[in-house]
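Worksheet for the structure shown next.
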Amino acid sequence: MNLNGKVVIVTGSASGLGLTTCQQLAQQGAKIVAFDLNEATGQALMQELKG
């Protein structure tokens with residue numbers, strides 16, 4: 001599946017399955033819209049994914 005440039009919304013994105021999902025989708029070229037209740041881990045995810 002070609003995800004390059006596609007926008008993907010992920011809830012619970014800063015830990016567990018949500019985090020892994022974001023990492024995998026980003027590796028495949030998707031643009032991630034990430035939502036999580038924990039702002040600190042959300043910021044860490046943003047830094048990891050460069051965005």
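Quick note on naming: the chains in the structure tokens go A, B, ... in the order shown, residues restart at 1 in each chain, and ligands are numbered from 1 in order of appearance.
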Contact residues around Ala34 in chain A with only C-alpha atoms at 8 Å, ignoring same-chain residues under 4 positions, as a ChimeraX atom specification:
/A:9-14,22,42
Compile the contact shell of Gln24 in chain A as JSON, numbers by chain: residues with an atom at most 12 Å away, counting only C-alpha atoms, same-chain residues fewer than 6 positions apart removed.
{"A": [3, 8, 10, 13, 17, 18, 30, 31, 32, 49]}
Neighbours of Gln23 in chain A within 9 Å (only C-alpha atoms; same-chain residues fewer than 3 positions away dropped), as a list in words?
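Skipping anything fewer than 3 positions along the chain leaves Gly18, Leu19, Thr20, Ala26, Gln27, Gln28, Leu45, Glu48 and Leu49 of chain A.
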Could you write out that same residue set with N, CA and C atoms as a PDB file, in the first residue's frame?
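Saved the output as out15.pdb:
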```
ATOM      1  N   GLY A  18      -0.770   2.777  19.632  1.00  0.00           N
ATOM      2  CA  GLY A  18      -0.850   4.043  18.907  1.00  0.00           C
ATOM      3  C   GLY A  18       0.522   4.556  18.513  1.00  0.00           C
ATOM      4  N   LEU A  19       1.473   4.454  19.435  1.00  0.00           N
ATOM      5  CA  LEU A  19       2.846   4.891  19.159  1.00  0.00           C
ATOM      6  C   LEU A  19       3.468   4.061  18.044  1.00  0.00           C
ATOM      7  N   THR A  20       3.334   2.758  18.139  1.00  0.00           N
ATOM      8  CA  THR A  20       3.882   1.869  17.115  1.00  0.00           C
ATOM      9  C   THR A  20       3.225   2.128  15.767  1.00  0.00           C
ATOM     10  N   ALA A  26       4.631   6.556   9.622  1.00  0.00           N
ATOM     11  CA  ALA A  26       5.593   7.597   9.248  1.00  0.00           C
ATOM     12  C   ALA A  26       6.720   7.010   8.400  1.00  0.00           C
ATOM     13  N   GLN A  27       7.170   5.806   8.727  1.00  0.00           N
ATOM     14  CA  GLN A  27       8.211   5.150   7.941  1.00  0.00           C
ATOM     15  C   GLN A  27       7.745   4.883   6.514  1.00  0.00           C
ATOM     16  N   GLN A  28       6.436   4.731   6.332  1.00  0.00           N
ATOM     17  CA  GLN A  28       5.882   4.470   5.005  1.00  0.00           C
ATOM     18  C   GLN A  28       5.483   5.751   4.279  1.00  0.00           C
ATOM     19  N   LEU A  45       6.775  12.336  20.811  1.00  0.00           N
ATOM     20  CA  LEU A  45       6.454  11.693  19.531  1.00  0.00           C
ATOM     21  C   LEU A  45       6.690  12.666  18.378  1.00  0.00           C
ATOM     22  N   GLU A  48      10.320  12.875  17.730  1.00  0.00           N
ATOM     23  CA  GLU A  48      10.813  11.631  17.117  1.00  0.00           C
ATOM     24  C   GLU A  48      10.480  11.577  15.636  1.00  0.00           C
ATOM     25  N   LEU A  49       9.265  12.008  15.285  1.00  0.00           N
ATOM     26  CA  LEU A  49       8.824  11.950  13.891  1.00  0.00           C
ATOM     27  C   LEU A  49       9.183  13.210  13.112  1.00  0.00           C
TER      28      LEU A  49
END
```
Interatomic distance (Å, one decimal) between CA of Met46 in chain A and CA of Asn4 in chain A
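We find that CA of Met46 in chain A and CA of Asn4 in chain A lie 18.2 Å from each other.
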In Å, with one decimal, what is the gap from CA of Lys6 in chain A to CA of Leu37 in chain A?
24.0 Å
In Å, how far is it from CA of Asn2 in chain A to CA of Ser15 in chain A?
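Pair CA of Asn2 in chain A / CA of Ser15 in chain A returns 24.8 Å.
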All strand (DSSP E or B) residues (DSSP, backbone) inside range 1-45 of chain A, as a ChimeraX atom specification
/A:7-11,31-35
Name the residues of chain A that fall into alpha helix (DSSP H) according to DSSP on the backbone, using the chain letters and numbers of this document, as a PyMOL selection string.
chain A and resi 16-27+39-48
